[in-house]
2 protein chains.
Amino acid sequence: MYSLGLDFGTNSVRAVILNLESGEETASAVCNYPSGTDGIILDEKDLYLARQNPYDYLICMEKALKDVLRKAKKDKTFSHEKVVGIGVDTTGSTPLPVDEKLVPLAFYKEFKNNKNAMAYLWKDHTGTDEAEEITEVARKERPEYLSKIGGAYSSEWFFSKLLHLIRTDRNVFDAMVSFIELCDYIPAVLGGKRCPDEVVRSICAAGHKAMYNDEWGGLPDEEFLCKIDKRFSGIKKKLYQKAYPAGEIAGYLCHNWAKRTGLPEGIPISVGAFDAHMGAVGAGVRPGVLVKVIGTSTCDMTVAPMGKRLKDIPGICGMVPHSIIPGFVGIEAGQSAVGDIFNWFVKMFAPSKLKDPHRYYARLAEKMRPGETGLIALDWHNGNRCILVDQKLTGLIVGFTLNTRPEEVYRALIEATGFGGRVIIERMEEYGVEIKEIVATGGIPDKNPLLMQIYADITGRTFKIAKSSQTCAVGAAIFGAVAGRGKGGFESVKEAQKKICRFKDVVYRPNKGNKKIYDKLYLIYKDLHNVFGTKTANKNLYYVMKDLLDIRQGVK
Amino acid sequence: MYSLGLDFGTNSVRAVILNLESGEETASAVCNYPSGTDGIILDEKDLYLARQNPYDYLICMEKALKDVLRKAKKDKTFSHEKVVGIGVDTTGSTPLPVDEKLVPLAFYKEFKNNKNAMAYLWKDHTGTDEAEEITEVARKERPEYLSKIGGAYSSEWFFSKLLHLIRTDRNVFDAMVSFIELCDYIPAVLGGKRCPDEVVRSICAAGHKAMYNDEWGGLPDEEFLCKIDKRFSGIKKKLYQKAYPAGEIAGYLCHNWAKRTGLPEGIPISVGAFDAHMGAVGAGVRPGVLVKVIGTSTCDMTVAPMGKRLKDIPGICGMVPHSIIPGFVGIEAGQSAVGDIFNWFVKMFAPSKLKDPHRYYARLAEKMRPGETGLIALDWHNGNRCILVDQKLTGLIVGFTLNTRPEEVYRALIEATGFGGRVIIERMEEYGVEIKEIVATGGIPDKNPLLMQIYADITGRTFKIAKSSQTCAVGAAIFGAVAGRGKGGFESVKEAQKKICRFKDVVYRPNKGNKKIYDKLYLIYKDLHNVFGTKTANKNLYYVMKDLLDIRQGVK
């Protein structure tokens with residue numbers, strides 16, 4: 001038996017076919033989005049804007065499915081009939097406006113090239129002001145809404161984007177019959193759904209990004225929404241009542257997509273979820289284990305038993321029952337930019353003649369000891385997602401001398417993201433969610449052993465690396481297999497993880513000496529973090545430059 | 001009539017011949033020091049070390065003198081006999097150890113290649129710890145010493161270097177009969193002096209760098225020096241009793257150097273002074289006018305009438321009677337690194353293929369408005385000379401986003417040095433020394449109109465540029481002409497300045513709109529300055545990143 005996972009990332013869609021007996025990946029295929037810059041529609045006049053053309057999703061999905069099935073045929077035991085289920089993960093919150101036939105408005109001539117009719121990519125921050133207003137009203141009127149999502153509503157989330165759409169493009173809003181998360185749209189398309197009401201919504205998206213919770217009967221009430229903006233009046237008719245966990249069945253492969261791909265009709269399709277959440281499952285998340293998806297940004301995911309009365313954790317992205325693994329509370333945190341910071345540095349400051357600037361700088365930075373750069377940085381180039389939940393923060397570097405070299409800055413930026421990660425872990429533990437071990441996945445862990453060792457040294461925790469480089473797609477396939485339990489899939493996520501999740505041989509263990517130095521630097525990081533990132537910390541920072549020089553002197 | 005100026009810079013020596021009737025420069029010549037890196041002996045293991053080979057001074061002086069005289073002959077009215085005087089300026093504090101015959105110890109086989117026997121270049125910071133100790137003892141025992149030199153004794157100064165020599169190389173110290181400033185050594189060499197006692201010491205060097213003041217009878221007393229370190233015992237025998245202002249006669253051209261150069265014996269040689277001080281005179285310094293020598297670092301010089309009871313100004317480099325113009329109190333301040341910061345940035349971060357990276361970045365940065373970078377920086381890459389007097393400070397940049405471009409960083413670094421300059425002006429005015437106008441000179445003003453306009457906008461003051469690009473050498477020649485008053489030179493510095501000092505046509509006037517934005521940014525700069533640079537400022541800096549984003553948004 002096999003299952004199929006579809007992973008809609010920021011720049012491409014990936015398909016993977018998993019052998020449920022061996023646990024191995026039988027085949028995989030990737031297709032890059034053709035539109036915009038690496039699949040992202042940008043706007044020179046508005047740096048906050050990041051949209052996607054919904055055409056890309058469908059074109060690329062078809063291509064990736066055809067490719068992966070063609071490749072899978074090389075395995076002679078594989079046949080289309082053995083696919084027991086399909087799982088889908090996508091970026092999020094990435095909602096798009098659709099009409100009454102579930103057709104994205106961007107597909108219509110009327111809205112062609114109108115960025116407001118496209119999909120609002122997770123990292124679109126045009127709703128920054130709206131997020132602040134939502135947070136403000138919620139703080140006064142519905143504090144319980146915020147307590148599940150870290151204390152502040154983000155510009156990256158569903159209602160900020162929806163409100164921004166309402167305010168900036170009345171034509172699109174009027175034509176829109178629903179605003180649908182990409183992770184709900186794709187299963188609906190595959191399942192041949194013909195109107196928004198037929199779409200099965202994901203509890204992962206709803207709970208983490210749209211303030212959905214069974215405690216208050218689902219989505220936020222309309223009275224609250226209208227206090228934010230009267231134009232929200234009647235909005236709930238355009239949305240949904242109930243959301244479901246991944247692993248439940250969202251639909252069955254429709255005739256159209258069966259024909260397009262050659263798969264048999266009727267394959268169960270799992271309810272969708274976000275890439276990081278399914279990626280966490282693919283990487284082996286369980287209580288006590290934090291999965292850190294390290295790419296352009298990070299998602300830090302763990303789960304906690306539902307029986308235990310968990311306190312709400314301020315400053316993390318969300319705590320949502322069933323959002324990662326059914327039966328557990330899914331806890332999501334993250335850092336707004338990690339790889340993006342290194343990419344920024346390399347793009348802006350590295351000599352263009354370097355073939356692999358990351359590798360070049362990492363090799364030089366590897367030779368340094370902790371503290372040797374004399375620098376410390378705040379990793380807020382794209383704001384701070386956790387634990388400050390503040391888009392309007394920026395990066396800082398302190399400690400420059402006339403001898404500061406680019407590789408030292410590069411190393412300091414890596415360290416900054418490590419400190420940022422430690423802040424999240426400490427916040428979780430402070431509220432009773434213990435983190436014993438970390439599994440890293442995403443694009444960076446394989447490519448950057450220096451970063452992995454720095455993270456282990458800074459956090460004082462062992463880092464394993466998920467064996468698959470496609471944990472999101474694998475996680476999607478796991479949920480496909482769970483949705484296909486009736487056809488020979490798995491009975492539970494736990495059973496599937498046992499069979500499928502593996503780790504690389506290399507393990508990064510904290511070096512005690514390095515940890516000690518990083519503990520000192522972390523105190524500086526925390527002071528800068530609090531003085532620049534919170535309204536309450538008053539501090540004199542005269543010691544910072546002195547300590548950095550002394551620590552550097554001490555390790556040279 | 002003509003006079004001759006010799007200017008010993010950080011990397012080269014320059015000679016200029018001035019026509020005293022027309023005020024024009026008849027000829028000039030430069031000779032680069034051949035040793036080390038651009039004339040500076042460095043040490044990979046000790047980044048603080050910066051020494052010079054005294055051979056370079058003599059070899060290059062001879063070459064520059066021969067060159068300039070050869071060139072001057074093209075002017076048919078010139079003849080060697082018409083040179084009425086010679087003036088000398090040098091970097092400082094740049095002392096070197098000499099023996100009883102006034103021969104630099106570095107000339108002896110025994111000390112060849114021994115960096116401790118060489119000249120201690122102004123920017124040698126090996127005496128950082130010693131400077132702190134001197135400051136500490138002076139604060140307790142002789143606060144009056146510090147009140148004339150800005151409240152702290154610098155690692156760049158005479159006694160820090162001497163104490164460091166005593167502690168690190170007993171052989172050199174034992175062989176040393178005197179420790180002589182370069183600006184005293186060169187006139188002595190030209191004058192054929194045969195022992196340290198014959199050397200006429202400069203009040204500029206003594207007063208600004210060696211705590212010399214007539215108020216307490218010259219150099220610091222030995223009891224005080226021994227409280228710093230017992231090894232100072234007997235040191236005053238190796239130093240001097242009295243110092244003299246530039247313009248007085250230090251000696252007359254000796255047979256040896258007359259023969260070497262073809263000049264007649266007996267030409268009066270002015271008492272030496274530092275390059276910035278003579279440069280200020282060459283640029284037209286007078287009460288109300290600040291001369292800003294902008295190069296790798298800056299020297300900010302002005303003069304105040306002696307009659308007026310001046311308050312001591314904390315945090316500036318020095319207030320010394322007669323040190324710039326006889327009869328006035330010379331006031332010196334400065335910034336540890338300006339051009340050095342831009343050079344660092346370009347060297348470390350600019351693509352090597354750029355032919356003129358400064359010009360490239362300046363052109364891009366020119367298109368931006370104040371505040372548009374979203375960045376603010378502290379210009380402390382080489383410590384802070386004024387008004388914090390603290391070598392152990394480092395650079396800081398805040399406001400990075402994923403879109404921050406190199407030219408924005410370049411502009412922010414220029415602005416940071418502008419803010420640093422404004423701090424100095426405000427400190428002077430706070431203590432009653434008014435600054436109405438600024439004359440810029442040094443290597444940068446001509447090359448970087450962007451920087452000049454930014455400085456005018458930040459300080460709200462008009463910037464003129466000295467016409468001569470060699471104000472130091474011109475200033476030296478002015479003092480040569482004053483020393484040669486008996487041979488047809490000038491009776492006073494003021495008379496000489498009237499005849500000789502000129503300005504370029506281009507004048508930078510502050511733009512009111514820009515000034516307004518910079519006033520906002522300056523408040524941020526001052527907060528960062530105080531929180532990181534002083535022990536007393538406790539502050540929350542949450543507003544910093546927000547304000548930078550808002551200001552950027554406002555000017556876009």
# chains A, B, ... in the order shown; residues from 1 in each chain; ligands from 1
call {"tool": "interface_residues", "arguments": {"of": "chain A", "to": "chain B", "cutoff": "7 Å", "atoms": "only C-alpha atoms", "output": "PyMOL selection string"}}
result
chain A and resi 341+344+348-352+381-382+392-402+405-406+531-542+545-546
call {"tool": "residues_around", "arguments": {"residues": "A:Asp124", "least_positions_apart": "4", "cutoff": "7 Å", "atoms": "only C-alpha atoms", "output": "list in words"}}
result
Tyr48, Leu49, Ala50, Arg51, Tyr120 and Glu156 of chain A
call {"tool": "select_by_dssp", "arguments": {"residues": "stretch 22-239 of chain B", "states": "alpha helix (DSSP H)", "output": "ChimeraX atom specification"}}
result
/B:54-72,128-141,143-147,158-168,170-175,182-190,203-209,222-228
call {"tool": "select_by_dssp", "arguments": {"residues": "stretch 309-391 of chain A", "states": "strand (DSSP E)", "output": "PyMOL selection string"}}
result
chain A and resi 318-321+328-335+376-378
call {"tool": "write_last_selection", "arguments": {"atoms": "all heavy atoms", "output": "short mmCIF file (atom, residue, chain, number, x, y, z; two decimals), in the first residue's frame"}}
result
data_model
loop_
_atom_site.label_atom_id
_atom_site.label_comp_id
_atom_site.auth_asym_id
_atom_site.auth_seq_id
_atom_site.Cartn_x
_atom_site.Cartn_y
_atom_site.Cartn_z
N GLY A 318 0.33 29.84 18.82
CA GLY A 318 -0.97 29.25 19.05
C GLY A 318 -0.93 27.94 19.80
O GLY A 318 0.07 27.23 19.80
N MET A 319 -2.05 27.67 20.45
CA MET A 319 -2.26 26.39 21.12
C MET A 319 -3.64 25.94 20.70
O MET A 319 -4.63 26.52 21.14
CB MET A 319 -2.22 26.57 22.63
CG MET A 319 -0.86 27.04 23.12
SD MET A 319 -0.86 27.30 24.89
CE MET A 319 -0.95 25.60 25.50
N VAL A 320 -3.70 24.91 19.87
CA VAL A 320 -4.97 24.53 19.30
C VAL A 320 -5.18 23.01 19.40
O VAL A 320 -4.36 22.25 18.90
CB VAL A 320 -5.06 24.97 17.82
CG1 VAL A 320 -6.32 24.45 17.16
CG2 VAL A 320 -4.98 26.50 17.71
N PRO A 321 -6.26 22.59 20.06
CA PRO A 321 -6.54 21.16 20.17
C PRO A 321 -6.62 20.52 18.78
O PRO A 321 -7.24 21.09 17.87
CB PRO A 321 -7.90 21.11 20.86
CG PRO A 321 -7.99 22.39 21.61
CD PRO A 321 -7.26 23.39 20.77
N PHE A 328 -4.23 15.64 20.72
CA PHE A 328 -3.23 16.44 21.46
C PHE A 328 -3.44 17.92 21.16
O PHE A 328 -3.98 18.28 20.12
CB PHE A 328 -1.82 16.05 21.05
CG PHE A 328 -1.42 14.66 21.45
CD1 PHE A 328 -1.75 13.57 20.64
CD2 PHE A 328 -0.73 14.43 22.63
CE1 PHE A 328 -1.39 12.28 21.01
CE2 PHE A 328 -0.36 13.15 23.01
CZ PHE A 328 -0.70 12.06 22.19
N VAL A 329 -2.98 18.74 22.11
CA VAL A 329 -2.97 20.17 21.82
C VAL A 329 -1.73 20.48 20.98
O VAL A 329 -0.60 20.14 21.38
CB VAL A 329 -2.94 21.00 23.12
CG1 VAL A 329 -2.81 22.50 22.79
CG2 VAL A 329 -4.21 20.75 23.92
N GLY A 330 -1.94 21.07 19.84
CA GLY A 330 -0.81 21.48 19.00
C GLY A 330 -0.29 22.83 19.45
O GLY A 330 -1.06 23.76 19.63
N ILE A 331 1.01 22.91 19.67
CA ILE A 331 1.61 24.16 20.12
C ILE A 331 2.55 24.64 19.03
O ILE A 331 3.48 23.93 18.63
CB ILE A 331 2.38 23.96 21.43
CG1 ILE A 331 1.41 23.47 22.51
CG2 ILE A 331 3.06 25.26 21.86
CD1 ILE A 331 2.07 23.11 23.82
N GLU A 332 2.30 25.84 18.55
CA GLU A 332 3.10 26.37 17.46
C GLU A 332 3.76 27.68 17.86
O GLU A 332 3.13 28.56 18.41
CB GLU A 332 2.20 26.63 16.24
CG GLU A 332 2.99 27.07 15.03
CD GLU A 332 2.13 27.73 13.94
OE1 GLU A 332 0.89 27.66 14.04
OE2 GLU A 332 2.70 28.31 13.03
N ALA A 333 5.05 27.75 17.59
CA ALA A 333 5.76 29.01 17.75
C ALA A 333 6.62 29.18 16.51
O ALA A 333 6.52 28.39 15.57
CB ALA A 333 6.60 28.99 19.02
N GLY A 334 7.45 30.20 16.48
CA GLY A 334 8.31 30.34 15.30
C GLY A 334 9.06 31.64 15.28
O GLY A 334 8.81 32.55 16.08
N GLN A 335 9.99 31.70 14.36
CA GLN A 335 10.81 32.91 14.18
C GLN A 335 10.53 33.46 12.78
O GLN A 335 10.54 32.71 11.80
CB GLN A 335 12.28 32.55 14.34
CG GLN A 335 12.60 32.06 15.75
CD GLN A 335 14.01 31.51 15.87
OE1 GLN A 335 14.22 30.31 15.88
NE2 GLN A 335 14.98 32.41 15.97
N ILE A 376 27.04 40.88 18.67
CA ILE A 376 25.78 40.23 18.99
C ILE A 376 24.70 40.91 18.17
O ILE A 376 24.77 42.11 17.90
CB ILE A 376 25.49 40.24 20.51
CG1 ILE A 376 24.58 39.07 20.87
CG2 ILE A 376 24.88 41.55 20.96
CD1 ILE A 376 24.73 38.62 22.28
N ALA A 377 23.74 40.10 17.74
CA ALA A 377 22.71 40.63 16.83
C ALA A 377 21.33 40.28 17.34
O ALA A 377 21.14 39.34 18.10
CB ALA A 377 22.92 40.06 15.43
N LEU A 378 20.36 41.10 16.93
CA LEU A 378 18.95 40.77 17.11
C LEU A 378 18.41 40.33 15.75
O LEU A 378 18.58 41.05 14.75
CB LEU A 378 18.16 41.97 17.63
CG LEU A 378 18.41 42.35 19.09
CD1 LEU A 378 17.65 43.64 19.43
CD2 LEU A 378 17.99 41.24 20.03
#
call {"tool": "residues_around", "arguments": {"residues": "stretch 142-155 of chain A", "least_positions_apart": "5", "cutoff": "9 Å", "atoms": "only C-alpha atoms", "output": "MDAnalysis selection string"}}
result
chainID A and resid 123:137 160:161 207:209 211:213 216 220 224 312:320 332:333 385:391
call {"tool": "residues_around", "arguments": {"residues": "A:Glu372", "least_positions_apart": "2", "cutoff": "7 Å", "atoms": "only C-alpha atoms", "output": "list in words"}}
result
Met368, Arg369, Pro370, Gly374, Arg552, Val555 and Lys556 of chain A
call {"tool": "write_last_selection", "arguments": {"atoms": "N, CA and C atoms", "output": "PDB file, in the first residue's frame"}}
result
ATOM      1  N   MET A 368      35.801  29.858  14.094  1.00  0.00           N
ATOM      2  CA  MET A 368      35.741  30.761  15.246  1.00  0.00           C
ATOM      3  C   MET A 368      35.110  30.070  16.442  1.00  0.00           C
ATOM      4  N   ARG A 369      35.474  30.560  17.607  1.00  0.00           N
ATOM      5  CA  ARG A 369      34.834  30.063  18.820  1.00  0.00           C
ATOM      6  C   ARG A 369      33.662  30.981  19.186  1.00  0.00           C
ATOM      7  N   PRO A 370      32.744  30.453  20.007  1.00  0.00           N
ATOM      8  CA  PRO A 370      31.671  31.327  20.469  1.00  0.00           C
ATOM      9  C   PRO A 370      32.265  32.579  21.118  1.00  0.00           C
ATOM     10  N   GLY A 374      32.946  39.031  18.635  1.00  0.00           N
ATOM     11  CA  GLY A 374      32.759  40.300  19.341  1.00  0.00           C
ATOM     12  C   GLY A 374      31.422  40.959  19.043  1.00  0.00           C
ATOM     13  N   ARG A 552      35.316  38.242  23.843  1.00  0.00           N
ATOM     14  CA  ARG A 552      36.175  37.980  22.681  1.00  0.00           C
ATOM     15  C   ARG A 552      37.625  37.789  23.122  1.00  0.00           C
ATOM     16  N   VAL A 555      38.311  34.310  24.672  1.00  0.00           N
ATOM     17  CA  VAL A 555      38.313  33.074  23.874  1.00  0.00           C
ATOM     18  C   VAL A 555      39.409  33.075  22.810  1.00  0.00           C
ATOM     19  N   LYS A 556      40.089  34.196  22.649  1.00  0.00           N
ATOM     20  CA  LYS A 556      41.113  34.276  21.581  1.00  0.00           C
ATOM     21  C   LYS A 556      42.383  33.539  21.979  1.00  0.00           C
TER      22      LYS A 556
END
call {"tool": "atom_distance", "arguments": {"atom1": "atom CA of A:Lys227", "atom2": "atom CA of A:Thr94"}}
result
24.4 Å
call {"tool": "atom_distance", "arguments": {"atom1": "atom CA of A:Glu181", "atom2": "atom CA of A:Asp67"}}
result
25.5 Å
call {"tool": "closest_residue", "arguments": {"among": "A:Ala280, A:Val68, A:Ile40, A:Leu182", "to": "A:Val98", "atoms": "only C-alpha atoms"}}
result
A:Leu182
call {"tool": "closest_residue", "arguments": {"among": "B:Pro305, B:Gly284, B:Gly85, B:Pro357", "to": "B:Glu437", "atoms": "only C-alpha atoms"}}
result
B:Gly284
call {"tool": "closest_residue", "arguments": {"among": "B:Glu265, B:Cys183, B:Thr168, B:Ile435", "to": "B:Gly288", "atoms": "only C-alpha atoms"}}
result
B:Ile435
call {"tool": "closest_residue", "arguments": {"among": "B:Asp356, B:Arg286, B:Lys515, B:Ala106", "to": "B:Gly327", "atoms": "only C-alpha atoms"}}
result
B:Arg286
call {"tool": "closest_residue", "arguments": {"among": "B:Leu354, B:Val439, B:Ile551, B:Val346", "to": "B:Cys299", "atoms": "only C-alpha atoms"}}
result
B:Val439
call {"tool": "closest_residue", "arguments": {"among": "B:Val338, B:Ile500, B:Ile235, B:Ala476", "to": "B:Gly420", "atoms": "only C-alpha atoms"}}
result
B:Val338
